[in-house]
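Chemist: My structure is in target08.pdb, and what it holds is PDB, C-alpha atoms and all ligand atoms:
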ATOM      1  CA  MET A  23      10.129 -26.970 -12.154
ATOM      2  CA  VAL A  24       8.799 -24.704 -14.932
ATOM      3  CA  VAL A  25       4.998 -24.674 -14.743
ATOM      4  CA  HIS A  26       4.031 -21.694 -16.913
ATOM      5  CA  GLN A  27       5.442 -19.877 -19.944
ATOM      6  CA  VAL A  28       5.243 -16.092 -19.750
ATOM      7  CA  VAL A  29       6.178 -13.572 -22.459
ATOM      8  CA  GLY A  30       6.859  -9.822 -22.519
ATOM      9  CA  ILE A  31       6.536  -8.292 -25.990
ATOM     10  CA  GLY A  32       7.410  -4.740 -27.071
ATOM     11  CA  GLU A  33      10.190  -2.267 -26.401
ATOM     12  CA  ILE A  34      13.661  -2.969 -25.074
ATOM     13  CA  LEU A  35      15.305   0.301 -24.045
ATOM     14  CA  TRP A  36      18.026   1.786 -21.954
ATOM     15  CA  ASP A  37      16.570   4.184 -19.367
ATOM     16  CA  VAL A  38      19.098   7.036 -19.374
ATOM     17  CA  PHE A  39      18.879   8.583 -15.882
ATOM     18  CA  PRO A  40      20.832  11.767 -15.023
ATOM     19  CA  ASP A  41      23.423   9.492 -13.354
ATOM     20  CA  GLY A  42      23.719   7.017 -16.270
ATOM     21  CA  PRO A  43      21.893   4.289 -18.240
ATOM     22  CA  ARG A  44      19.947   1.412 -16.666
ATOM     23  CA  PHE A  45      18.209  -1.439 -18.440
ATOM     24  CA  GLY A  46      14.507  -0.803 -19.148
ATOM     25  CA  GLY A  47      11.552  -0.919 -21.487
ATOM     26  CA  ALA A  48       8.251  -1.704 -19.781
ATOM     27  CA  PRO A  49       7.774  -5.243 -21.239
ATOM     28  CA  ALA A  50      11.467  -6.006 -20.640
ATOM     29  CA  ASN A  51      11.101  -4.884 -17.014
ATOM     30  CA  PHE A  52       8.006  -7.079 -16.784
ATOM     31  CA  SER A  53       9.945 -10.082 -18.117
ATOM     32  CA  CYS A  54      12.864  -9.546 -15.729
ATOM     33  CA  SER A  55      10.608  -9.100 -12.688
ATOM     34  CA  THR A  56       8.494 -12.139 -13.601
ATOM     35  CA  SER A  57      11.589 -14.275 -14.001
ATOM     36  CA  GLU A  58      13.169 -13.081 -10.743
ATOM     37  CA  LEU A  59       9.931 -13.401  -8.734
ATOM     38  CA  SER A  60       9.003 -16.844 -10.043
ATOM     39  CA  ARG A  61      12.191 -18.572  -8.845
ATOM     40  CA  GLY A  62      12.167 -20.701 -11.984
ATOM     41  CA  ALA A  63       8.473 -21.665 -11.709
ATOM     42  CA  ALA A  64       7.835 -19.650 -14.881
ATOM     43  CA  GLY A  65       9.804 -19.858 -18.103
ATOM     44  CA  VAL A  66      10.000 -16.242 -19.266
ATOM     45  CA  SER A  67      10.768 -15.072 -22.819
ATOM     46  CA  MET A  68      11.246 -11.599 -24.245
ATOM     47  CA  VAL A  69      10.041 -10.785 -27.754
ATOM     48  CA  SER A  70      11.595  -7.584 -29.111
ATOM     49  CA  ALA A  71      14.485  -6.296 -31.205
ATOM     50  CA  VAL A  72      17.854  -4.714 -30.487
ATOM     51  CA  GLY A  73      20.530  -3.233 -32.755
ATOM     52  CA  GLU A  74      23.875  -4.673 -33.769
ATOM     53  CA  ASP A  75      25.536  -2.404 -31.219
ATOM     54  CA  ASP A  76      27.035  -2.440 -27.770
ATOM     55  CA  LEU A  77      23.764  -1.475 -26.061
ATOM     56  CA  GLY A  78      22.024  -4.315 -27.905
ATOM     57  CA  ARG A  79      24.563  -6.878 -26.724
ATOM     58  CA  LYS A  80      24.360  -5.498 -23.183
ATOM     59  CA  ALA A  81      20.547  -5.607 -23.287
ATOM     60  CA  ILE A  82      20.577  -9.294 -24.213
ATOM     61  CA  GLU A  83      23.127  -9.919 -21.464
ATOM     62  CA  SER A  84      20.928  -8.059 -18.932
ATOM     63  CA  LEU A  85      17.907 -10.205 -19.817
ATOM     64  CA  LYS A  86      19.927 -13.412 -19.598
ATOM     65  CA  GLN A  87      21.290 -12.407 -16.187
ATOM     66  CA  ARG A  88      17.679 -12.273 -14.972
ATOM     67  CA  GLY A  89      16.976 -15.724 -16.429
ATOM     68  CA  VAL A  90      14.928 -14.437 -19.400
ATOM     69  CA  ASP A  91      15.052 -16.441 -22.662
ATOM     70  CA  THR A  92      16.282 -14.126 -25.435
ATOM     71  CA  SER A  93      16.007 -16.497 -28.399
ATOM     72  CA  ALA A  94      13.053 -14.444 -29.765
ATOM     73  CA  VAL A  95      14.922 -11.127 -29.471
ATOM     74  CA  GLN A  96      15.669 -10.058 -33.045
ATOM     75  CA  VAL A  97      18.836  -8.199 -34.053
ATOM     76  CA  ASN A  98      18.462  -5.618 -36.830
ATOM     77  CA  PRO A  99      20.467  -2.706 -38.320
ATOM     78  CA  HIS A 100      18.642  -0.006 -36.298
ATOM     79  CA  ALA A 101      19.966   1.454 -33.036
ATOM     80  CA  THR A 102      19.030  -0.167 -29.734
ATOM     81  CA  GLY A 103      16.337   1.856 -27.941
ATOM     82  CA  LYS A 104      17.096   4.643 -25.471
ATOM     83  CA  VAL A 105      14.957   7.008 -23.400
ATOM     84  CA  ASP A 106      15.954  10.044 -21.336
ATOM     85  CA  VAL A 107      14.361   9.764 -17.896
ATOM     86  CA  GLN A 108      13.752  12.835 -15.717
ATOM     87  CA  LEU A 109      12.619  12.300 -12.116
ATOM     88  CA  ASP A 110      10.477  14.777 -10.169
ATOM     89  CA  ASP A 111      10.820  15.364  -6.392
ATOM     90  CA  ASP A 112       8.636  12.283  -5.670
ATOM     91  CA  GLY A 113      10.825  10.000  -7.828
ATOM     92  CA  LYS A 114       8.135   9.938 -10.567
ATOM     93  CA  ALA A 115       9.505   9.733 -14.123
ATOM     94  CA  SER A 116       8.888  11.581 -17.350
ATOM     95  CA  TYR A 117      10.306  10.133 -20.578
ATOM     96  CA  HIS A 118      11.789  11.381 -23.844
ATOM     97  CA  PHE A 119      12.179   8.498 -26.313
ATOM     98  CA  ALA A 120      14.715   8.149 -29.136
ATOM     99  CA  ASP A 121      12.861   7.646 -32.423
ATOM    100  CA  ASP A 122      13.169   4.892 -35.020
ATOM    101  CA  SER A 123      14.814   2.304 -32.775
ATOM    102  CA  ALA A 124      15.411  -1.420 -33.256
ATOM    103  CA  TRP A 125      12.202  -2.282 -31.337
ATOM    104  CA  ASP A 126      10.178  -0.342 -33.958
ATOM    105  CA  HIS A 127      11.162  -3.051 -36.474
ATOM    106  CA  LEU A 128       9.828  -6.217 -34.828
ATOM    107  CA  VAL A 129       8.838  -8.666 -37.570
ATOM    108  CA  TRP A 130       6.713 -11.805 -37.493
ATOM    109  CA  ASN A 131       8.551 -15.102 -38.019
ATOM    110  CA  ASP A 132       8.332 -18.813 -37.176
ATOM    111  CA  ALA A 133      10.223 -18.353 -33.914
ATOM    112  CA  LEU A 134       7.560 -15.912 -32.693
ATOM    113  CA  ALA A 135       4.749 -18.232 -33.800
ATOM    114  CA  LYS A 136       6.280 -21.040 -31.724
ATOM    115  CA  VAL A 137       6.704 -18.866 -28.608
ATOM    116  CA  ALA A 138       3.109 -17.581 -28.942
ATOM    117  CA  ALA A 139       1.640 -21.073 -29.281
ATOM    118  CA  GLY A 140       3.234 -22.232 -26.016
ATOM    119  CA  CYS A 141       2.440 -19.159 -23.978
ATOM    120  CA  ASP A 142       0.311 -19.077 -20.771
ATOM    121  CA  ALA A 143       0.536 -15.303 -20.308
ATOM    122  CA  VAL A 144       1.693 -12.440 -22.521
ATOM    123  CA  CYS A 145       2.136  -8.811 -21.500
ATOM    124  CA  PHE A 146       2.059  -5.993 -24.054
ATOM    125  CA  GLY A 147       1.634  -2.203 -23.975
ATOM    126  CA  THR A 148       0.944   0.696 -26.325
ATOM    127  CA  LEU A 149       4.416   2.238 -26.759
ATOM    128  CA  GLY A 150       5.734  -0.929 -28.436
ATOM    129  CA  GLN A 151       3.028  -0.392 -31.062
ATOM    130  CA  ARG A 152       4.140   3.100 -32.159
ATOM    131  CA  SER A 153       5.348   1.802 -35.555
ATOM    132  CA  GLU A 154       3.007  -0.018 -37.912
ATOM    133  CA  THR A 155       5.457  -2.921 -38.337
ATOM    134  CA  SER A 156       5.758  -3.670 -34.630
ATOM    135  CA  ARG A 157       2.060  -3.016 -34.021
ATOM    136  CA  ARG A 158       1.126  -5.632 -36.621
ATOM    137  CA  THR A 159       3.583  -8.139 -35.152
ATOM    138  CA  ILE A 160       2.384  -7.579 -31.585
ATOM    139  CA  HIS A 161      -1.254  -8.031 -32.645
ATOM    140  CA  GLN A 162      -0.408 -11.203 -34.551
ATOM    141  CA  PHE A 163       1.528 -12.537 -31.561
ATOM    142  CA  VAL A 164      -1.255 -11.905 -29.039
ATOM    143  CA  GLN A 165      -3.857 -13.416 -31.380
ATOM    144  CA  ALA A 166      -1.653 -16.502 -31.810
ATOM    145  CA  THR A 167      -1.570 -17.259 -28.054
ATOM    146  CA  PRO A 168      -3.969 -19.968 -26.820
ATOM    147  CA  GLU A 169      -7.532 -18.871 -25.887
ATOM    148  CA  SER A 170      -6.765 -19.842 -22.288
ATOM    149  CA  ALA A 171      -3.726 -17.541 -22.033
ATOM    150  CA  LEU A 172      -3.739 -14.359 -19.966
ATOM    151  CA  ARG A 173      -3.431 -11.568 -22.558
ATOM    152  CA  ILE A 174      -2.368  -8.684 -20.371
ATOM    153  CA  LEU A 175      -2.510  -5.117 -21.615
ATOM    154  CA  ASP A 176      -0.369  -2.865 -19.381
ATOM    155  CA  VAL A 177      -1.364   0.308 -21.239
ATOM    156  CA  ASN A 178       1.641   2.395 -20.108
ATOM    157  CA  LEU A 179       0.536   5.470 -22.079
ATOM    158  CA  ARG A 180       3.601   7.449 -23.150
ATOM    159  CA  GLU A 181       3.084  10.868 -24.812
ATOM    160  CA  PRO A 182       2.837  11.346 -27.778
ATOM    161  CA  PHE A 183       2.944   7.712 -28.897
ATOM    162  CA  PHE A 184      -0.644   6.606 -28.503
ATOM    163  CA  GLY A 185      -4.056   7.453 -29.805
ATOM    164  CA  ASP A 186      -7.563   6.315 -29.018
ATOM    165  CA  SER A 187      -7.528   3.702 -31.768
ATOM    166  CA  VAL A 188      -4.413   1.879 -30.527
ATOM    167  CA  ILE A 189      -5.891   1.814 -27.023
ATOM    168  CA  GLN A 190      -9.205   0.408 -28.264
ATOM    169  CA  GLN A 191      -7.527  -2.149 -30.565
ATOM    170  CA  SER A 192      -5.357  -3.272 -27.662
ATOM    171  CA  LEU A 193      -8.355  -3.594 -25.332
ATOM    172  CA  ALA A 194     -10.047  -5.761 -27.952
ATOM    173  CA  LEU A 195      -7.042  -8.124 -27.908
ATOM    174  CA  ALA A 196      -6.616  -8.272 -24.127
ATOM    175  CA  ASN A 197      -8.392 -10.233 -21.403
ATOM    176  CA  VAL A 198      -6.548  -8.569 -18.480
ATOM    177  CA  LEU A 199      -5.964  -4.813 -18.140
ATOM    178  CA  LYS A 200      -3.451  -2.973 -15.932
ATOM    179  CA  LEU A 201      -3.594   0.824 -15.824
ATOM    180  CA  ASN A 202      -2.683   3.609 -13.416
ATOM    181  CA  ASP A 203      -4.737   6.477 -12.050
ATOM    182  CA  ASP A 204      -3.566   8.899 -14.767
ATOM    183  CA  GLU A 205      -4.624   6.425 -17.461
ATOM    184  CA  LEU A 206      -8.071   5.488 -16.078
ATOM    185  CA  PRO A 207      -9.756   8.854 -16.916
ATOM    186  CA  ARG A 208      -8.485   8.616 -20.517
ATOM    187  CA  LEU A 209      -9.858   5.095 -20.964
ATOM    188  CA  ALA A 210     -13.128   6.138 -19.290
ATOM    189  CA  ARG A 211     -13.490   9.097 -21.648
ATOM    190  CA  ILE A 212     -12.834   7.220 -24.886
ATOM    191  CA  ASN A 213     -15.248   4.499 -23.825
ATOM    192  CA  GLY A 214     -17.905   7.016 -22.712
ATOM    193  CA  LEU A 215     -17.872   5.723 -19.114
ATOM    194  CA  SER A 216     -18.401   7.514 -15.811
ATOM    195  CA  GLY A 217     -18.601   6.683 -12.106
ATOM    196  CA  ASP A 218     -16.050   6.021  -9.376
ATOM    197  CA  ASP A 219     -12.846   4.079 -10.092
ATOM    198  CA  VAL A 220     -14.311   0.671  -9.355
ATOM    199  CA  ASP A 221     -17.489   1.424 -11.370
ATOM    200  CA  VAL A 222     -15.380   2.399 -14.378
ATOM    201  CA  MET A 223     -13.173  -0.695 -13.989
ATOM    202  CA  ARG A 224     -16.277  -2.910 -13.890
ATOM    203  CA  GLN A 225     -17.688  -1.223 -16.989
ATOM    204  CA  LEU A 226     -14.365  -1.591 -18.850
ATOM    205  CA  ALA A 227     -14.308  -5.273 -17.912
ATOM    206  CA  ALA A 228     -17.858  -5.795 -19.178
ATOM    207  CA  ARG A 229     -17.397  -3.831 -22.399
ATOM    208  CA  HIS A 230     -14.106  -5.474 -23.407
ATOM    209  CA  GLN A 231     -14.639  -8.960 -21.930
ATOM    210  CA  LEU A 232     -11.745  -8.551 -19.497
ATOM    211  CA  ARG A 233     -11.270 -11.211 -16.800
ATOM    212  CA  TYR A 234      -9.431  -8.794 -14.502
ATOM    213  CA  VAL A 235      -8.818  -5.049 -14.367
ATOM    214  CA  ALA A 236      -6.023  -3.780 -12.091
ATOM    215  CA  LEU A 237      -5.653  -0.092 -11.193
ATOM    216  CA  THR A 238      -2.499   1.177  -9.477
ATOM    217  CA  ARG A 239      -2.627   4.467  -7.566
ATOM    218  CA  GLY A 240       1.027   5.212  -6.815
ATOM    219  CA  ALA A 241       1.537   5.621  -3.049
ATOM    220  CA  GLY A 242      -2.237   5.022  -2.691
ATOM    221  CA  GLY A 243      -1.997   1.268  -3.464
ATOM    222  CA  ALA A 244      -4.100  -0.638  -5.966
ATOM    223  CA  ALA A 245      -7.459  -2.188  -6.801
ATOM    224  CA  ILE A 246      -8.238  -5.352  -8.768
ATOM    225  CA  VAL A 247     -11.701  -6.121 -10.132
ATOM    226  CA  SER A 248     -12.788  -9.547 -11.361
ATOM    227  CA  GLU A 249     -16.221 -10.664 -12.551
ATOM    228  CA  ASP A 250     -17.490 -11.139  -9.003
ATOM    229  CA  ARG A 251     -14.859  -9.682  -6.653
ATOM    230  CA  VAL A 252     -13.099  -6.424  -5.802
ATOM    231  CA  SER A 253      -9.827  -6.061  -3.914
ATOM    232  CA  ASP A 254      -8.926  -2.500  -2.931
ATOM    233  CA  LEU A 255      -5.814  -2.155  -0.753
ATOM    234  CA  PRO A 256      -3.667   0.754   0.476
ATOM    235  CA  GLY A 257      -0.029   1.285  -0.501
ATOM    236  CA  ILE A 258       2.926   0.581   1.766
ATOM    237  CA  PRO A 259       4.702   3.730   3.037
ATOM    238  CA  THR A 260       8.066   3.590   1.273
ATOM    239  CA  GLU A 261      11.220   5.659   1.117
ATOM    240  CA  VAL A 262      11.304   6.109  -2.658
ATOM    241  CA  ALA A 263      14.543   5.930  -4.681
ATOM    242  CA  ASP A 264      12.529   6.170  -7.917
ATOM    243  CA  THR A 265       9.203   4.689  -9.000
ATOM    244  CA  VAL A 266      10.474   3.516 -12.429
ATOM    245  CA  GLY A 267       9.464  -0.100 -13.036
ATOM    246  CA  ALA A 268       7.046  -0.258 -10.077
ATOM    247  CA  GLY A 269       4.032  -0.699 -12.354
ATOM    248  CA  ASP A 270       5.815  -3.332 -14.451
ATOM    249  CA  ALA A 271       6.774  -5.294 -11.323
ATOM    250  CA  PHE A 272       3.163  -4.988 -10.106
ATOM    251  CA  THR A 273       2.024  -6.503 -13.414
ATOM    252  CA  ALA A 274       4.630  -9.283 -13.105
ATOM    253  CA  ALA A 275       3.429 -10.136  -9.616
ATOM    254  CA  ILE A 276      -0.277 -10.205 -10.563
ATOM    255  CA  THR A 277       0.539 -12.392 -13.565
ATOM    256  CA  LEU A 278       2.247 -14.989 -11.371
ATOM    257  CA  GLY A 279      -0.489 -14.742  -8.736
ATOM    258  CA  LEU A 280      -3.305 -15.212 -11.272
ATOM    259  CA  LEU A 281      -1.501 -18.101 -12.982
ATOM    260  CA  ALA A 282      -1.095 -19.736  -9.552
ATOM    261  CA  GLY A 283      -4.861 -19.378  -8.978
ATOM    262  CA  HIS A 284      -4.612 -17.182  -5.857
ATOM    263  CA  ASP A 285      -7.606 -15.099  -4.769
ATOM    264  CA  ILE A 286      -7.452 -11.465  -5.900
ATOM    265  CA  ASP A 287      -6.810 -10.059  -2.391
ATOM    266  CA  THR A 288      -3.699 -12.226  -2.080
ATOM    267  CA  VAL A 289      -2.655 -11.319  -5.635
ATOM    268  CA  ASN A 290      -3.113  -7.593  -4.937
ATOM    269  CA  ARG A 291      -1.371  -7.655  -1.526
ATOM    270  CA  ASN A 292       1.700  -9.417  -2.962
ATOM    271  CA  ALA A 293       1.839  -7.138  -5.989
ATOM    272  CA  ILE A 294       1.711  -3.991  -3.814
ATOM    273  CA  ALA A 295       4.547  -5.359  -1.645
ATOM    274  CA  VAL A 296       6.641  -6.161  -4.740
ATOM    275  CA  ALA A 297       5.987  -2.728  -6.310
ATOM    276  CA  SER A 298       6.813  -0.907  -3.092
ATOM    277  CA  TYR A 299      10.135  -2.765  -2.918
ATOM    278  CA  VAL A 300      10.919  -1.669  -6.509
ATOM    279  CA  CYS A 301      10.224   1.965  -5.490
ATOM    280  CA  SER A 302      12.732   1.644  -2.654
ATOM    281  CA  GLN A 303      15.529   0.651  -5.086
ATOM    282  CA  PRO A 304      17.097   2.590  -8.003
ATOM    283  CA  GLY A 305      16.165   1.446 -11.534
ATOM    284  CA  ALA A 306      13.483  -0.875 -12.840
ATOM    285  CA  THR A 307      14.978  -4.386 -12.622
ATOM    286  CA  MET A 308      16.467  -6.105  -9.594
ATOM    287  CA  THR A 309      16.623  -9.230  -7.478
ATOM    288  CA  PHE A 310      13.974  -9.509  -4.754
ATOM    289  CA  PRO A 311      14.157 -10.491  -1.091
ATOM    290  CA  ASP A 312      12.974 -14.059  -0.336
ATOM    291  CA  HIS A 313       9.610 -13.118   1.196
ATOM    292  CA  LEU A 314       8.508 -11.492  -2.109
ATOM    293  CA  MET A 315       9.422 -14.396  -4.369
ATOM    294  CA  LYS A 316       6.992 -16.892  -5.942
ATOM    295  CA  PRO A 317       3.917 -14.779  -4.957
TER     296      PRO A 317
HETATM  297  N1  LIG A 401       5.406   6.662  -3.790
HETATM  298  C1  LIG A 401       5.096   5.376  -3.593
HETATM  299  N2  LIG A 401       5.119   4.831  -2.354
HETATM  300  C2  LIG A 401       4.797   3.529  -2.157
HETATM  301  N3  LIG A 401       4.436   2.678  -3.146
HETATM  302  C3  LIG A 401       4.383   3.166  -4.397
HETATM  303  C4  LIG A 401       4.720   4.536  -4.694
HETATM  304  N4  LIG A 401       4.588   4.721  -6.023
HETATM  305  C5  LIG A 401       4.196   3.543  -6.528
HETATM  306  N5  LIG A 401       4.065   2.597  -5.556
HETATM  307  C6  LIG A 401       3.663   1.190  -5.712
HETATM  308  O1  LIG A 401       3.834   0.826  -7.065
HETATM  309  C7  LIG A 401       2.563   0.489  -7.663
HETATM  310  C8  LIG A 401       2.565   0.967  -9.095
HETATM  311  O2  LIG A 401       2.806   2.358  -9.124
HETATM  312  P1  LIG A 401       2.086   3.352 -10.121
HETATM  313  O3  LIG A 401       2.883   4.614 -10.128
HETATM  314  O4  LIG A 401       0.644   3.465  -9.759
HETATM  315  O5  LIG A 401       2.168   2.548 -11.502
HETATM  316  P2  LIG A 401       2.872   2.887 -12.881
HETATM  317  O6  LIG A 401       4.360   2.751 -12.602
HETATM  318  O7  LIG A 401       2.359   1.855 -13.806
HETATM  319  O8  LIG A 401       2.478   4.293 -13.233
HETATM  320  C9  LIG A 401       1.521   1.127  -6.748
HETATM  321  O9  LIG A 401       0.279   0.429  -6.790
HETATM  322  C10 LIG A 401       2.181   1.011  -5.390
HETATM  323  O10 LIG A 401       1.983  -0.292  -4.862
HETATM  324  O1  LIG A 402       9.005   1.427 -21.839
HETATM  325  C1  LIG A 402       8.746   2.494 -21.293
HETATM  326  O2  LIG A 402       7.655   3.042 -21.403
HETATM  327  C2  LIG A 402       9.811   3.204 -20.474
HETATM  328  C3  LIG A 402      10.604   2.219 -19.697
HETATM  329  O3  LIG A 402      11.897   2.259 -20.175
HETATM  330  C4  LIG A 402      10.537   2.424 -18.209
HETATM  331  O4  LIG A 402      11.515   1.621 -17.583
HETATM  332  C5  LIG A 402       9.149   2.088 -17.755
HETATM  333  O5  LIG A 402       8.259   1.891 -18.526
HETATM  334  C6  LIG A 402       8.821   1.975 -16.389
HETATM  335  O6  LIG A 402       7.415   1.723 -16.291
HETATM  336  P1  LIG A 402       6.589   1.797 -14.957
HETATM  337  O7  LIG A 402       6.607   0.437 -14.357
HETATM  338  O8  LIG A 402       5.212   2.182 -15.395
HETATM  339  O9  LIG A 402       7.258   2.807 -14.069
END
Now that the file is in, can you turn its structure into structure tokens?
Ligand SMILES: Nc1ncnc2c1ncn2[C@@H]1O[C@H](COP(=O)(O)OP(=O)(O)O)[C@@H](O)[C@H]1O
Ligand SMILES: O=C(O)C[C@@H](O)[C@H](O)C(=O)COP(=O)(O)O
Modeler:
Amino acid sequence: MVVHQVVGIGEILWDVFPDGPRFGGAPANFSCSTSELSRGAAGVSMVSAVGEDDLGRKAIESLKQRGVDTSAVQVNPHATGKVDVQLDDDGKASYHFADDSAWDHLVWNDALAKVAAGCDAVCFGTLGQRSETSRRTIHQFVQATPESALRILDVNLREPFFGDSVIQQSLALANVLKLNDDELPRLARINGLSGDDVDVMRQLAARHQLRYVALTRGAGGAAIVSEDRVSDLPGIPTEVADTVGAGDAFTAAITLGLLAGHDIDTVNRNAIAVASYVCSQPGATMTFPDHLMKP
């Protein structure tokens, strides 16, 4: 039975690895992982745009295969998004994005207003906001979700498509923050904060009225801070295929865990297990073994 409605909003892309393209885009990965992990307990929608091209049709097909509702995916005359992905020796990615893609032209409409109004959790990032049109639409969407909804900013900073102002505007919209250990120092600096990781997370939470702040540390695991609790857990030693999509799957798992009302240690432990599994497999979207589902 569907209990919660969850939305990913932002870029849909094809991750072009040296050995060929795989479906991607951080919010699209988030939507696919949430849908797969929830076993139907969450209704998941993607809000984005694709082109009138083969990659666009295949992108919609890929989302549908994972059980994601694509009725709010717009089709426009621009090319479907693509990004060249290079992996280092540890399976860590660097990205080179095609410019002016379909997802840069996301426009507000009644369909989006309806999805926003019924949403229990929405996940957005900064890359999806690189054009003014899509940035405005994403802001309007997040603001149109109910006050009770989890408004999750997974910052996913991608050079050179972010600046301090988009980060700060996004923090003002969010009530949950996910970032990694490369991103934390940047957010600390622009907010004039110092201290150890957990101190900075607490200060970010206080300054931006965030209910939860989650920090992932690659192989080093993750920490989650709430108003009165901290969970700080090690990673799971993993034979890495590539780490692409691990952070997005982590965000998917914490979203389901928080919506289910689990304590933050349980939420964190499950999310680390899910993310480690994603690292062990090629690409960013996949089916999950039974023990990781419905965390
Ligand atoms: N090399 C690794 N070995 C084991 N787990 C990993 C590894 N890299 C990432 N993970 C898992 O994936 C999570 C997210 O990875 P991270 O690289 O921190 O996020 P992001 O993809 O957002 O940059 C980590 O908290 C960890 O659980
Ligand atoms: O949207 C992006 O920024 C690139 C994506 O295509 C890529 O799949 C990705 O974001 C993976 O994110 P991660 O979970 O932080 O590895």
Chemist: Quick one: which residues end up in the PyMOL selection byres (((chain A and resi 152) around 12) and not hetatm) for this structure, as a JSON list (two decimals) with C-alpha atoms, in the frame of the given file?
Modeler:
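Listed below is the output, out29.json:
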[["chain", "number", "residue", "atom", "x", "y", "z"],
["A", 32, "GLY", "CA", 7.41, -4.74, -27.07],
["A", 33, "GLU", "CA", 10.19, -2.27, -26.40],
["A", 119, "PHE", "CA", 12.18, 8.50, -26.31],
["A", 121, "ASP", "CA", 12.86, 7.65, -32.42],
["A", 122, "ASP", "CA", 13.17, 4.89, -35.02],
["A", 123, "SER", "CA", 14.81, 2.30, -32.78],
["A", 125, "TRP", "CA", 12.20, -2.28, -31.34],
["A", 126, "ASP", "CA", 10.18, -0.34, -33.96],
["A", 127, "HIS", "CA", 11.16, -3.05, -36.47],
["A", 128, "LEU", "CA", 9.83, -6.22, -34.83],
["A", 147, "GLY", "CA", 1.63, -2.20, -23.98],
["A", 148, "THR", "CA", 0.94, 0.70, -26.32],
["A", 149, "LEU", "CA", 4.42, 2.24, -26.76],
["A", 150, "GLY", "CA", 5.73, -0.93, -28.44],
["A", 151, "GLN", "CA", 3.03, -0.39, -31.06],
["A", 153, "SER", "CA", 5.35, 1.80, -35.56],
["A", 154, "GLU", "CA", 3.01, -0.02, -37.91],
["A", 155, "THR", "CA", 5.46, -2.92, -38.34],
["A", 156, "SER", "CA", 5.76, -3.67, -34.63],
["A", 157, "ARG", "CA", 2.06, -3.02, -34.02],
["A", 158, "ARG", "CA", 1.13, -5.63, -36.62],
["A", 159, "THR", "CA", 3.58, -8.14, -35.15],
["A", 160, "ILE", "CA", 2.38, -7.58, -31.58],
["A", 179, "LEU", "CA", 0.54, 5.47, -22.08],
["A", 180, "ARG", "CA", 3.60, 7.45, -23.15],
["A", 181, "GLU", "CA", 3.08, 10.87, -24.81],
["A", 182, "PRO", "CA", 2.84, 11.35, -27.78],
["A", 183, "PHE", "CA", 2.94, 7.71, -28.90],
["A", 184, "PHE", "CA", -0.64, 6.61, -28.50],
["A", 185, "GLY", "CA", -4.06, 7.45, -29.80],
["A", 187, "SER", "CA", -7.53, 3.70, -31.77],
["A", 188, "VAL", "CA", -4.41, 1.88, -30.53],
["A", 189, "ILE", "CA", -5.89, 1.81, -27.02]]
Chemist: Can you list what the PyMOL selection byres (((chain A and resi 167) around 12) and not hetatm) grabs from this structure, as a PyMOL selection string?
Modeler: chain A and resi 27-29+134-145+160-166+168-174+195-197
Chemist: For the atom pair CA of Met308 (chain A) and CA of Ala101 (chain A), what is the interatomic distance in Å to one decimal place?
Modeler: 24.9 Å
Chemist: If we count all atoms listed in the file and set the cut-off at 9 Å, which residues sit around Val247 (chain A), ignoring sequence neighbours fewer than 3 positions away in its own chain? Please answer as a list in words.
Modeler: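 Skipping anything fewer than 3 positions along the chain leaves Val220, Met223, Arg224, Ala227, Arg233, Tyr234, Val235, Ala236, Leu237, Asp250, Arg251, Val252, Ser253, Asp254 and Ile286 of chain A.
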Chemist: Please return as a list in words the residues found within 7 Å of ligand LIG 402 (chain A), counting all atoms listed in the file.
Modeler: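 Taking all atoms listed in the file into account, the residues around ligand LIG 402 (chain A) at most 7 Å away are Glu33, Leu35, Trp36, Asp37, Gly46, Gly47, Ala48, Pro49, Asn51, Val105, Tyr117, Leu149, Asn178, Arg180, Thr265, Val266, Gly267, Ala268, Gly269, Asp270, Ala271 and Ala306 of chain A.
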Chemist: Give me the result of the PyMOL selection byres (((not hetatm)) within 9 of (chain A and resi 401)) on this file, residue by residue, as a ChimeraX atom specification.
Modeler: /A:112-115,176-178,200-205,237-245,255-262,264-273,290-291,293-302
